[in-house]
Amino acid sequence: MLKKFLSYYKPHKLIFTLDMLASFTVSMVGIFYPIVTRSMVNEFTSGGRSTKIIVGGGILLLVLYVVRLLLNYFIQYQGHVMGVKMQAQMRREMFDHLQKLPYRYYDDNETGKIMSRMTNDLFEVSELAHHGPENVIITSITVIASFVYLATINWLLTLVIFLCVPFLFVVALLLRKKMRDAFKRSREAAADINAALEGSISGIRVTKAFTNADAERKKFEVGNTEFVESKKDAYRSMGQFHSSTSFITNVFNVVVLIAGGIFLFAGSIELADYSAFIVSVNLFLTPMTTLIGFMEQYQNGVTGFSRFLEIMAEEPEREKESARPLENVQGSIRFENVSCDYGTGREVLHGIDLDIEKGQTFALVGPSGGGKTTICHLIPHFYTASSGKIYIDGVDIEDITLDSLRKSIGIVQQDVYLFNASVRENILYGRPEATEEEIIEAAKRANIHDYIMAMPDGYDTEIGERGVRLSGGQKQRLSIARVFLKNPPILILDEATSALDNTTEILIQSALDELCRGRTTIVVAHRLSTIKNADEIAVISDGRITERGSHEALMALGGAYEKLYSQQFRHLVKE
């Protein structure tokens with residue numbers, strides 16, 4: 001982990017070197033104060049009355065403090081900028097890695113927790129990246145320099161002080177692990193709160209519609225209480241750590257006072273040296289305290305970095321080294337004995353065999369949970385089949401690059417996701433390099449251009465989070481325009497109109513009919529009236545194909561499809 005952490009300093013070698021040189025200089029400047037103080041006291045106690053030493057010493061200290069002022073500014077400014085740049089690099093790597101993770105990862109991890117790792121955790125890492133080396137260098141050099149200086153004053157008294165140091169580190173080490181574990185728990189609790197908050201805010205309209213604010217408040221309070229308790233444990237550990245180490249450093253002053261007084265009484269040390277020793281011992285103890293206190297920041301940073309590495313260690317989507325781009329796609333699809341268990345060991349598809357010709361419209365119908373959407377997810381390789389083979393134009397999808405495979409497939413789903421951006425940006429998601437004319441043409445073919453032009457800012461109108469400022473039908477047509485712009489040879493319509501009213505469905509259906517023309521289309525539908533004209537229909541139940549054929553053939557068969565269709569038809573007649 002340390003090697004990985006240090007690698008982030010490489011792009012900032014110059015700033016890091018200058019920062020460390022500045023830190024070194026700042027630490028050395030601090031040692032001059034007791035030296036000048038000792039010279040002044042020696043001047044007075046020896047009977048001298050020269051003002052040159054006093055004025056000269058004061059001017060020298062003032063100049064050094066001005067230098068330290070400038071260096072501290074450089075350390076605080078450039079050092080923090082370096083830390084932020086390292087944080088940005090880690091965030092960039094994490095974001096890129098998240099883009100490569102399979103659907104399965106997002107099935108198992110909440111958005112709020114992922115966001116917490118990318119923001120809160122990486123902030124702590126950047127603070128450690130900046131302050132860590134500085135604290136270690138400044139405090140270490142100051143401790144060593146002050147120790148050497150104290151030894152030149154009176155090595156025996158210095159040895160007495162030094163013998164107390166191990167007690168300080170023993171206490172720090174004993175309490176360090178407890179504090180680290182407590183802070184890790186508090187980070188996990190903070191991530192849980194972020195996840196709960198993200199879910200509650202995203203679902204605020206549902207909460208209001210069902211007047212379930214009290215229920216949401218109770219759910220939130222569970223996480224909030226857990227967060228408070230974890231923070232209490234963390235602060236209890238931190239309190240024990242700081243109070244114990246502060247007590248030991250206070251004992252140092254008592255030891256100096258008593259031992260120094262005995263040495264002074266015995267004539268083993270001069271008054272000026274004793275005064276300088278008292279001043280200098282604080283110079284020795286302060287960085288020791290800082291170094292020990294730094295352990296808290298170290299624990300936060302290390303915990304954050306380990307959580308960052310946990311995500312980076314997640315296995316991304318893999319494709320064979322020999323995988324090649326899919327070119328000149330015709331759109332034929334074949335499933336050979338395909339099963340899928342989502343990695344759980346419990347199969348949701350069992351030995352599926354399908355043969356869909358190019359340009360054909362193939363419908364999947366059946367009860368919810370039967371496996372229709374799973375079939376749709378396997379074609380663009382969002383999930384991997386546990387057994388069997390899937391072919392596009394006779395090529396195993398395992399031998400096709402993921403990028404080219406997914407560029408060949410357009411998907412329109414029931415739950416449309418639109419970004420908090422303009423209408424233009426949302427349509428452009430289908431093909432970012434498209435021209436303005438192509439965007440407008442796609443919108444026209446999706447029957448939404450006129451509506452867009454009636455908006456306050458036309459194609460530049462912001463549609464809000466998840467397209468909240470649009471109706472369901474408008475959102476659906478915008479998603480269709482996006483697919484028109486993508487212009488894929490294979491199209492998957494997964495319950496694309498099931499959430500719409502009948503009037504809106506008719507409008508959307510005309511856009512979908514235009515979209516399907518000339519493409520291999522797989523349609524998942526509950527409303528069987530929308531797929532009567534499909535070239536072939538397969539009934540999926542319990543992960544198996546139970547019936548297959550044209551609408552007329554399946555109706556004549558008198559099986560599950562005929563019962564489903566008849567039930568829906570009677571329901572429509574009643575309406």
# chains A, B, ... in the order shown; residues from 1 in each chain; ligands from 1

call {"tool": "residues_around", "arguments": {"residues": "stretch 398-402 of chain A", "least_positions_apart": "4", "cutoff": "6 Å", "atoms": "only C-alpha atoms", "output": "NGL selection string"}}
result
:A and (323-325)

call {"tool": "residues_around", "arguments": {"residues": "stretch 141-153 of chain A", "least_positions_apart": "6", "cutoff": "9 Å", "atoms": "only C-alpha atoms", "output": "PyMOL selection string"}}
result
chain A and resi 24+27-28+30-31+35+159+162+269+273-274+276-277+280-281+283-288

call {"tool": "closest_residue", "arguments": {"among": "A:Phe382, A:Phe305, A:Phe484, A:Phe95", "to": "A:Met1", "atoms": "only C-alpha atoms"}}
result
A:Phe305

call {"tool": "residues_around", "arguments": {"residues": "stretch 340-345 of chain A", "least_positions_apart": "6", "cutoff": "8 Å", "atoms": "only C-alpha atoms", "output": "list in words"}}
result
Arg104, Tyr383, Thr384, Ala385, Ser386 and Ser387 of chain A

call {"tool": "write_last_selection", "arguments": {"atoms": "all heavy atoms", "output": "compact mmCIF listing (two decimals), in the first residue's frame"}}
result
# COMPACT_ATOMS: atom_id res chain seq x y z
N ARG A 104 -22.84 -6.06 -11.98
CA ARG A 104 -22.94 -6.77 -10.70
C ARG A 104 -22.46 -5.92 -9.53
O ARG A 104 -23.03 -5.96 -8.43
CB ARG A 104 -22.09 -8.05 -10.78
CG ARG A 104 -22.21 -8.96 -9.56
CD ARG A 104 -21.23 -10.11 -9.62
NE ARG A 104 -19.85 -9.64 -9.56
CZ ARG A 104 -19.03 -9.57 -10.59
NH1 ARG A 104 -19.44 -9.92 -11.79
NH2 ARG A 104 -17.79 -9.14 -10.44
N TYR A 383 -24.09 -8.78 -18.30
CA TYR A 383 -23.81 -9.91 -17.42
C TYR A 383 -23.28 -11.05 -18.29
O TYR A 383 -23.50 -11.07 -19.50
CB TYR A 383 -25.06 -10.38 -16.67
CG TYR A 383 -25.64 -9.34 -15.74
CD1 TYR A 383 -26.66 -8.49 -16.16
CD2 TYR A 383 -25.15 -9.20 -14.44
CE1 TYR A 383 -27.18 -7.53 -15.31
CE2 TYR A 383 -25.68 -8.25 -13.58
CZ TYR A 383 -26.69 -7.40 -14.02
OH TYR A 383 -27.20 -6.46 -13.18
N THR A 384 -22.60 -11.99 -17.66
CA THR A 384 -22.01 -13.11 -18.39
C THR A 384 -22.82 -14.38 -18.15
O THR A 384 -23.18 -14.68 -17.01
CB THR A 384 -20.55 -13.34 -17.94
OG1 THR A 384 -19.81 -12.15 -18.17
CG2 THR A 384 -19.92 -14.48 -18.71
N ALA A 385 -23.12 -15.08 -19.22
CA ALA A 385 -23.85 -16.35 -19.10
C ALA A 385 -23.01 -17.35 -18.33
O ALA A 385 -21.78 -17.42 -18.49
CB ALA A 385 -24.19 -16.87 -20.48
N SER A 386 -23.66 -18.12 -17.48
CA SER A 386 -22.93 -19.15 -16.72
C SER A 386 -22.56 -20.33 -17.60
O SER A 386 -21.61 -21.05 -17.32
CB SER A 386 -23.76 -19.60 -15.52
OG SER A 386 -25.05 -20.03 -15.93
N SER A 387 -23.32 -20.53 -18.68
CA SER A 387 -22.98 -21.57 -19.65
C SER A 387 -23.67 -21.25 -20.98
O SER A 387 -24.60 -20.45 -21.04
CB SER A 387 -23.42 -22.96 -19.14
OG SER A 387 -24.83 -23.01 -19.01

call {"tool": "atom_distance", "arguments": {"atom1": "atom CA of A:Phe5", "atom2": "atom CA of A:Asn72"}}
result
24.7 Å

call {"tool": "closest_residue", "arguments": {"among": "A:Ala446, A:Leu364, A:Ile379, A:Ile492", "to": "A:Tyr561", "atoms": "only C-alpha atoms"}}
result
A:Leu364

call {"tool": "select_by_dssp", "arguments": {"residues": "stretch 190-394 of chain A", "states": "alpha helix (DSSP H)", "output": "VMD selection string"}}
result
chain A and resid 190 to 202 204 to 209 213 to 265 271 to 312 372 to 378

call {"tool": "closest_residue", "arguments": {"among": "A:Asn533, A:Gln567, A:Ser237, A:Gln414", "to": "A:Leu493", "atoms": "only C-alpha atoms"}}
result
A:Gln414

call {"tool": "residues_around", "arguments": {"residues": "A:Val171", "least_positions_apart": "4", "cutoff": "12 Å", "atoms": "only C-alpha atoms", "output": "list of chain:residue names"}}
result
A:Cys164, A:Val165, A:Pro166, A:Phe167, A:Leu175, A:Arg176, A:Lys177, A:Lys178, A:Gln240, A:Phe241, A:His242, A:Ser243, A:Ser244, A:Thr245, A:Ser246, A:Phe247, A:Ile248, A:Thr249, A:Ile292

call {"tool": "write_last_selection", "arguments": {"atoms": "C-alpha atoms", "output": "tab-separated table (two decimals), in the first residue's frame"}}
result
chain	number	residue	atom	x	y	z
A	164	CYS	CA	11.37	9.21	29.24
A	165	VAL	CA	10.66	9.19	25.47
A	166	PRO	CA	10.03	5.41	25.16
A	167	PHE	CA	7.13	5.69	27.63
A	175	LEU	CA	-3.75	3.33	21.76
A	176	ARG	CA	-3.08	3.72	18.02
A	177	LYS	CA	-4.76	0.49	16.85
A	178	LYS	CA	-7.86	1.15	18.93
A	240	GLN	CA	-7.70	8.61	25.55
A	241	PHE	CA	-4.87	8.98	23.06
A	242	HIS	CA	-4.43	12.75	23.41
A	243	SER	CA	-4.98	12.97	27.17
A	244	SER	CA	-2.49	10.16	27.82
A	245	THR	CA	0.20	11.57	25.55
A	246	SER	CA	-0.35	15.12	26.89
A	247	PHE	CA	0.03	13.84	30.45
A	248	ILE	CA	3.34	12.20	29.61
A	249	THR	CA	4.68	15.37	27.93
A	292	ILE	CA	2.14	11.73	18.05

call {"tool": "residues_around", "arguments": {"residues": "A:Leu71", "least_positions_apart": "4", "cutoff": "8 Å", "atoms": "only C-alpha atoms", "output": "number ranges by chain"}}
result
A: 22-23, 26, 67, 75

call {"tool": "write_last_selection", "arguments": {"atoms": "N, CA and C atoms", "output": "tab-separated table (two decimals), in the first residue's frame"}}
result
chain	number	residue	atom	x	y	z
A	22	ALA	N	11.62	23.55	2.20
A	22	ALA	CA	11.03	24.63	3.00
A	22	ALA	C	10.72	24.14	4.41
A	23	SER	N	10.21	22.93	4.52
A	23	SER	CA	9.91	22.35	5.84
A	23	SER	C	11.18	22.18	6.65
A	26	VAL	N	12.30	25.62	7.86
A	26	VAL	CA	11.43	26.08	8.94
A	26	VAL	C	11.80	25.41	10.25
A	67	VAL	N	11.72	35.06	7.01
A	67	VAL	CA	11.98	33.96	6.09
A	67	VAL	C	11.02	32.81	6.37
A	75	ILE	N	4.58	26.53	2.04
A	75	ILE	CA	4.22	25.17	2.48
A	75	ILE	C	2.70	25.01	2.50

call {"tool": "atom_distance", "arguments": {"atom1": "atom CA of A:Thr289", "atom2": "atom CA of A:Glu229"}}
result
27.8 Å

call {"tool": "closest_atom_pairs", "arguments": {"of": "stretch 59-172 of chain A", "to": "stretch 12-19 of chain A", "cutoff": "8 Å", "atoms": "only C-alpha atoms", "output": "JSON lines"}}
result
{"residue": "A:Phe74", "atom": "CA", "partner": "A:Asp19", "partner_atom": "CA", "distance": 7.4}
{"residue": "A:Ile75", "atom": "CA", "partner": "A:Asp19", "partner_atom": "CA", "distance": 5.7}
{"residue": "A:Gln78", "atom": "CA", "partner": "A:Ile15", "partner_atom": "CA", "distance": 7.2}
{"residue": "A:Gly79", "atom": "CA", "partner": "A:Asp19", "partner_atom": "CA", "distance": 6.4}
{"residue": "A:Met82", "atom": "CA", "partner": "A:His12", "partner_atom": "CA", "distance": 7.0}
{"residue": "A:Glu134", "atom": "CA", "partner": "A:Asp19", "partner_atom": "CA", "distance": 7.7}

call {"tool": "residues_around", "arguments": {"residues": "stretch 357-363 of chain A", "least_positions_apart": "6", "cutoff": "9 Å", "atoms": "only C-alpha atoms", "output": "number ranges by chain"}}
result
A: 330-334, 393, 489-490, 516-525, 531, 533-539

call {"tool": "closest_residue", "arguments": {"among": "A:Tyr565, A:Gly260, A:Gly371, A:Ile311", "to": "A:Glu93", "atoms": "only C-alpha atoms"}}
result
A:Ile311

call {"tool": "atom_distance", "arguments": {"atom1": "atom CA of A:Leu491", "atom2": "atom CA of A:Asp513"}}
result
11.4 Å

call {"tool": "select_by_dssp", "arguments": {"residues": "stretch 356-406 of chain A", "states": "strand (DSSP E)", "output": "VMD selection string"}}
result
chain A and resid 356 361 to 365 387 to 392 395 to 396

call {"tool": "residues_around", "arguments": {"residues": "A:Thr119", "least_positions_apart": "2", "cutoff": "12 Å", "atoms": "only C-alpha atoms", "output": "mmCIF file with all heavy atoms, in the first residue's frame"}}
result
data_model
loop_
_atom_site.group_PDB
_atom_site.id
_atom_site.type_symbol
_atom_site.label_atom_id
_atom_site.label_comp_id
_atom_site.auth_asym_id
_atom_site.auth_seq_id
_atom_site.Cartn_x
_atom_site.Cartn_y
_atom_site.Cartn_z
ATOM 1 N N VAL A 84 -4.211 18.402 -3.219
ATOM 2 C CA VAL A 84 -5.457 18.416 -3.982
ATOM 3 C C VAL A 84 -5.261 17.777 -5.352
ATOM 4 O O VAL A 84 -6.140 17.053 -5.849
ATOM 5 C CB VAL A 84 -5.980 19.864 -4.129
ATOM 6 C CG1 VAL A 84 -7.087 19.939 -5.160
ATOM 7 C CG2 VAL A 84 -6.484 20.375 -2.789
ATOM 8 N N GLN A 87 -5.245 14.158 -4.876
ATOM 9 C CA GLN A 87 -6.626 13.729 -4.650
ATOM 10 C C GLN A 87 -7.389 13.665 -5.971
ATOM 11 O O GLN A 87 -8.132 12.704 -6.228
ATOM 12 C CB GLN A 87 -7.312 14.717 -3.706
ATOM 13 C CG GLN A 87 -8.773 14.406 -3.431
ATOM 14 C CD GLN A 87 -9.441 15.503 -2.621
ATOM 15 O OE1 GLN A 87 -8.852 16.533 -2.340
ATOM 16 N NE2 GLN A 87 -10.682 15.302 -2.259
ATOM 17 N N ALA A 88 -7.190 14.675 -6.825
ATOM 18 C CA ALA A 88 -7.869 14.698 -8.122
ATOM 19 C C ALA A 88 -7.444 13.518 -8.984
ATOM 20 O O ALA A 88 -8.264 12.929 -9.700
ATOM 21 C CB ALA A 88 -7.568 16.017 -8.844
ATOM 22 N N MET A 90 -6.384 10.557 -7.890
ATOM 23 C CA MET A 90 -7.021 9.356 -7.337
ATOM 24 C C MET A 90 -8.502 9.311 -7.716
ATOM 25 O O MET A 90 -9.036 8.254 -8.067
ATOM 26 C CB MET A 90 -6.875 9.338 -5.813
ATOM 27 C CG MET A 90 -5.454 9.154 -5.332
ATOM 28 S SD MET A 90 -5.353 9.185 -3.520
ATOM 29 C CE MET A 90 -3.615 9.547 -3.293
ATOM 30 N N ARG A 91 -9.162 10.488 -7.627
ATOM 31 C CA ARG A 91 -10.581 10.536 -7.970
ATOM 32 C C ARG A 91 -10.779 10.205 -9.447
ATOM 33 O O ARG A 91 -11.730 9.525 -9.822
ATOM 34 C CB ARG A 91 -11.143 11.919 -7.647
ATOM 35 C CG ARG A 91 -12.655 12.013 -7.845
ATOM 36 C CD ARG A 91 -13.201 13.358 -7.428
ATOM 37 N NE ARG A 91 -13.144 13.514 -5.985
ATOM 38 C CZ ARG A 91 -12.470 14.471 -5.362
ATOM 39 N NH1 ARG A 91 -11.796 15.361 -6.046
ATOM 40 N NH2 ARG A 91 -12.471 14.537 -4.052
ATOM 41 N N ARG A 92 -9.875 10.703 -10.286
ATOM 42 C CA ARG A 92 -9.953 10.423 -11.727
ATOM 43 C C ARG A 92 -9.794 8.924 -11.978
ATOM 44 O O ARG A 92 -10.531 8.323 -12.774
ATOM 45 C CB ARG A 92 -8.865 11.210 -12.454
ATOM 46 C CG ARG A 92 -8.962 11.158 -13.987
ATOM 47 C CD ARG A 92 -7.858 11.989 -14.609
ATOM 48 N NE ARG A 92 -7.912 13.385 -14.192
ATOM 49 C CZ ARG A 92 -6.993 13.990 -13.435
ATOM 50 N NH1 ARG A 92 -5.925 13.324 -13.015
ATOM 51 N NH2 ARG A 92 -7.127 15.250 -13.095
ATOM 52 N N MET A 94 -10.373 6.517 -9.828
ATOM 53 C CA MET A 94 -11.532 5.807 -9.299
ATOM 54 C C MET A 94 -12.724 5.935 -10.241
ATOM 55 O O MET A 94 -13.433 4.952 -10.498
ATOM 56 C CB MET A 94 -11.916 6.347 -7.908
ATOM 57 C CG MET A 94 -13.048 5.566 -7.259
ATOM 58 S SD MET A 94 -13.660 6.278 -5.713
ATOM 59 C CE MET A 94 -12.276 5.956 -4.634
ATOM 60 N N PHE A 95 -12.938 7.147 -10.774
ATOM 61 C CA PHE A 95 -14.051 7.354 -11.694
ATOM 62 C C PHE A 95 -13.883 6.490 -12.943
ATOM 63 O O PHE A 95 -14.829 5.842 -13.387
ATOM 64 C CB PHE A 95 -14.139 8.830 -12.091
ATOM 65 C CG PHE A 95 -15.301 9.140 -12.996
ATOM 66 C CD1 PHE A 95 -16.568 9.344 -12.475
ATOM 67 C CD2 PHE A 95 -15.134 9.211 -14.369
ATOM 68 C CE1 PHE A 95 -17.647 9.617 -13.309
ATOM 69 C CE2 PHE A 95 -16.200 9.479 -15.206
ATOM 70 C CZ PHE A 95 -17.457 9.682 -14.674
ATOM 71 N N GLY A 112 -24.621 6.103 -2.628
ATOM 72 C CA GLY A 112 -24.142 7.011 -1.581
ATOM 73 C C GLY A 112 -22.829 6.563 -0.977
ATOM 74 O O GLY A 112 -21.958 7.389 -0.665
ATOM 75 N N LYS A 113 -22.657 5.247 -0.815
ATOM 76 C CA LYS A 113 -21.410 4.738 -0.241
ATOM 77 C C LYS A 113 -20.251 4.926 -1.204
ATOM 78 O O LYS A 113 -19.128 5.246 -0.790
ATOM 79 C CB LYS A 113 -21.572 3.254 0.119
ATOM 80 C CG LYS A 113 -22.515 3.011 1.282
ATOM 81 C CD LYS A 113 -22.567 1.542 1.658
ATOM 82 C CE LYS A 113 -23.495 1.307 2.844
ATOM 83 N NZ LYS A 113 -23.553 -0.114 3.237
ATOM 84 N N ILE A 114 -20.514 4.735 -2.480
ATOM 85 C CA ILE A 114 -19.468 4.953 -3.484
ATOM 86 C C ILE A 114 -19.066 6.418 -3.509
ATOM 87 O O ILE A 114 -17.872 6.752 -3.555
ATOM 88 C CB ILE A 114 -19.958 4.503 -4.874
ATOM 89 C CG1 ILE A 114 -20.255 3.003 -4.872
ATOM 90 C CG2 ILE A 114 -18.901 4.830 -5.943
ATOM 91 C CD1 ILE A 114 -20.920 2.507 -6.144
ATOM 92 N N MET A 115 -20.049 7.304 -3.444
ATOM 93 C CA MET A 115 -19.763 8.740 -3.443
ATOM 94 C C MET A 115 -18.965 9.147 -2.214
ATOM 95 O O MET A 115 -18.085 10.008 -2.288
ATOM 96 C CB MET A 115 -21.073 9.526 -3.507
ATOM 97 C CG MET A 115 -21.789 9.410 -4.843
ATOM 98 S SD MET A 115 -23.415 10.202 -4.832
ATOM 99 C CE MET A 115 -22.936 11.900 -4.497
ATOM 100 N N SER A 116 -19.258 8.540 -1.060
ATOM 101 C CA SER A 116 -18.530 8.847 0.165
ATOM 102 C C SER A 116 -17.047 8.507 0.019
ATOM 103 O O SER A 116 -16.179 9.248 0.473
ATOM 104 C CB SER A 116 -19.135 8.073 1.344
ATOM 105 O OG SER A 116 -18.424 8.334 2.536
ATOM 106 N N ARG A 117 -16.770 7.407 -0.632
ATOM 107 C CA ARG A 117 -15.366 7.023 -0.835
ATOM 108 C C ARG A 117 -14.663 7.990 -1.783
ATOM 109 O O ARG A 117 -13.473 8.274 -1.620
ATOM 110 C CB ARG A 117 -15.283 5.602 -1.387
ATOM 111 C CG ARG A 117 -15.823 4.565 -0.416
ATOM 112 C CD ARG A 117 -15.423 3.162 -0.793
ATOM 113 N NE ARG A 117 -16.005 2.193 0.119
ATOM 114 C CZ ARG A 117 -15.531 0.956 0.296
ATOM 115 N NH1 ARG A 117 -14.475 0.567 -0.377
ATOM 116 N NH2 ARG A 117 -16.117 0.127 1.128
ATOM 117 N N ASP A 121 -13.452 10.261 1.831
ATOM 118 C CA ASP A 121 -12.239 9.463 2.048
ATOM 119 C C ASP A 121 -11.038 10.061 1.333
ATOM 120 O O ASP A 121 -9.946 10.152 1.904
ATOM 121 C CB ASP A 121 -12.462 8.020 1.574
ATOM 122 C CG ASP A 121 -13.393 7.256 2.499
ATOM 123 O OD1 ASP A 121 -13.760 7.811 3.546
ATOM 124 O OD2 ASP A 121 -13.769 6.125 2.173
ATOM 125 N N LEU A 122 -11.228 10.474 0.090
ATOM 126 C CA LEU A 122 -10.097 11.009 -0.668
ATOM 127 C C LEU A 122 -9.652 12.374 -0.153
ATOM 128 O O LEU A 122 -8.494 12.756 -0.321
ATOM 129 C CB LEU A 122 -10.427 11.080 -2.156
ATOM 130 C CG LEU A 122 -10.533 9.728 -2.866
ATOM 131 C CD1 LEU A 122 -10.711 9.920 -4.360
ATOM 132 C CD2 LEU A 122 -9.296 8.870 -2.602
ATOM 133 N N PHE A 123 -10.564 13.129 0.497
ATOM 134 C CA PHE A 123 -10.145 14.378 1.135
ATOM 135 C C PHE A 123 -9.148 14.087 2.258
ATOM 136 O O PHE A 123 -8.127 14.767 2.394
ATOM 137 C CB PHE A 123 -11.357 15.128 1.697
ATOM 138 C CG PHE A 123 -10.976 16.305 2.556
ATOM 139 C CD1 PHE A 123 -10.527 17.488 1.987
ATOM 140 C CD2 PHE A 123 -11.059 16.213 3.944
ATOM 141 C CE1 PHE A 123 -10.163 18.564 2.780
ATOM 142 C CE2 PHE A 123 -10.697 17.281 4.747
ATOM 143 C CZ PHE A 123 -10.251 18.461 4.162
ATOM 144 N N GLU A 124 -9.449 13.084 3.066
ATOM 145 C CA GLU A 124 -8.534 12.718 4.147
ATOM 146 C C GLU A 124 -7.190 12.234 3.587
ATOM 147 O O GLU A 124 -6.133 12.501 4.157
ATOM 148 C CB GLU A 124 -9.158 11.622 5.019
ATOM 149 C CG GLU A 124 -10.427 12.041 5.751
ATOM 150 C CD GLU A 124 -10.181 13.103 6.800
ATOM 151 O OE1 GLU A 124 -9.006 13.389 7.117
ATOM 152 O OE2 GLU A 124 -11.168 13.675 7.299
ATOM 153 N N VAL A 125 -7.241 11.546 2.460
ATOM 154 C CA VAL A 125 -6.003 11.078 1.827
ATOM 155 C C VAL A 125 -5.160 12.263 1.374
ATOM 156 O O VAL A 125 -3.936 12.278 1.547
ATOM 157 C CB VAL A 125 -6.328 10.153 0.632
ATOM 158 C CG1 VAL A 125 -5.046 9.783 -0.109
ATOM 159 C CG2 VAL A 125 -7.020 8.887 1.107
ATOM 160 N N SER A 126 -5.804 13.277 0.792
ATOM 161 C CA SER A 126 -5.058 14.445 0.315
ATOM 162 C C SER A 126 -4.438 15.208 1.478
ATOM 163 O O SER A 126 -3.326 15.753 1.365
ATOM 164 C CB SER A 126 -5.971 15.370 -0.496
ATOM 165 O OG SER A 126 -6.888 16.050 0.326
ATOM 166 N N ARG A 187 -16.094 5.927 9.537
ATOM 167 C CA ARG A 187 -16.138 6.178 8.099
ATOM 168 C C ARG A 187 -17.230 5.333 7.449
ATOM 169 O O ARG A 187 -17.952 5.785 6.566
ATOM 170 C CB ARG A 187 -14.799 5.842 7.451
ATOM 171 C CG ARG A 187 -13.708 6.797 7.810
ATOM 172 C CD ARG A 187 -12.939 7.194 6.542
ATOM 173 N NE ARG A 187 -12.151 8.376 6.824
ATOM 174 C CZ ARG A 187 -12.629 9.603 6.732
ATOM 175 N NH1 ARG A 187 -13.857 9.808 6.360
ATOM 176 N NH2 ARG A 187 -11.886 10.640 7.017
ATOM 177 N N ALA A 190 -20.514 6.848 8.217
ATOM 178 C CA ALA A 190 -20.744 8.049 7.401
ATOM 179 C C ALA A 190 -21.177 7.657 5.991
ATOM 180 O O ALA A 190 -22.057 8.294 5.394
ATOM 181 C CB ALA A 190 -19.475 8.895 7.351
ATOM 182 N N ALA A 191 -20.584 6.601 5.450
ATOM 183 C CA ALA A 191 -20.965 6.122 4.123
ATOM 184 C C ALA A 191 -22.406 5.609 4.127
ATOM 185 O O ALA A 191 -23.157 5.832 3.172
ATOM 186 C CB ALA A 191 -20.011 5.015 3.666
ATOM 187 N N ASN A 194 -24.684 8.600 3.994
ATOM 188 C CA ASN A 194 -24.717 9.156 2.636
ATOM 189 C C ASN A 194 -25.630 8.322 1.732
ATOM 190 O O ASN A 194 -26.382 8.873 0.916
ATOM 191 C CB ASN A 194 -23.307 9.200 2.039
ATOM 192 C CG ASN A 194 -22.491 10.350 2.597
ATOM 193 O OD1 ASN A 194 -23.038 11.256 3.211
ATOM 194 N ND2 ASN A 194 -21.196 10.309 2.404
ATOM 195 N N GLY A 304 -8.859 6.034 4.678
ATOM 196 C CA GLY A 304 -9.432 6.502 3.413
ATOM 197 C C GLY A 304 -8.751 5.878 2.212
ATOM 198 O O GLY A 304 -9.409 5.488 1.238
ATOM 199 N N PHE A 305 -7.412 5.768 2.273
ATOM 200 C CA PHE A 305 -6.669 5.206 1.141
ATOM 201 C C PHE A 305 -6.946 3.715 0.991
ATOM 202 O O PHE A 305 -7.052 3.205 -0.133
ATOM 203 C CB PHE A 305 -5.171 5.442 1.330
ATOM 204 C CG PHE A 305 -4.350 5.148 0.106
ATOM 205 C CD1 PHE A 305 -4.495 5.919 -1.043
ATOM 206 C CD2 PHE A 305 -3.440 4.101 0.092
ATOM 207 C CE1 PHE A 305 -3.746 5.652 -2.175
ATOM 208 C CE2 PHE A 305 -2.685 3.833 -1.041
ATOM 209 C CZ PHE A 305 -2.839 4.613 -2.175
ATOM 210 N N ARG A 307 -9.754 2.252 1.738
ATOM 211 C CA ARG A 307 -11.092 2.138 1.152
ATOM 212 C C ARG A 307 -11.055 2.484 -0.338
ATOM 213 O O ARG A 307 -11.799 1.917 -1.135
ATOM 214 C CB ARG A 307 -12.061 3.061 1.892
ATOM 215 C CG ARG A 307 -12.480 2.492 3.254
ATOM 216 C CD ARG A 307 -13.071 3.559 4.157
ATOM 217 N NE ARG A 307 -14.263 4.164 3.615
ATOM 218 C CZ ARG A 307 -15.490 3.635 3.682
ATOM 219 N NH1 ARG A 307 -15.663 2.456 4.268
ATOM 220 N NH2 ARG A 307 -16.522 4.260 3.192
ATOM 221 N N PHE A 308 -10.173 3.403 -0.721
ATOM 222 C CA PHE A 308 -9.956 3.718 -2.132
ATOM 223 C C PHE A 308 -9.399 2.497 -2.870
ATOM 224 O O PHE A 308 -9.860 2.134 -3.955
ATOM 225 C CB PHE A 308 -8.995 4.904 -2.229
ATOM 226 C CG PHE A 308 -8.339 5.079 -3.576
ATOM 227 C CD1 PHE A 308 -9.044 5.575 -4.651
ATOM 228 C CD2 PHE A 308 -7.004 4.762 -3.760
ATOM 229 C CE1 PHE A 308 -8.435 5.753 -5.893
ATOM 230 C CE2 PHE A 308 -6.379 4.924 -4.985
ATOM 231 C CZ PHE A 308 -7.104 5.416 -6.060
#

call {"tool": "closest_residue", "arguments": {"among": "A:Glu514, A:Asp403, A:Glu436, A:Glu547", "to": "A:Asp460", "atoms": "only C-alpha atoms"}}
result
A:Glu436
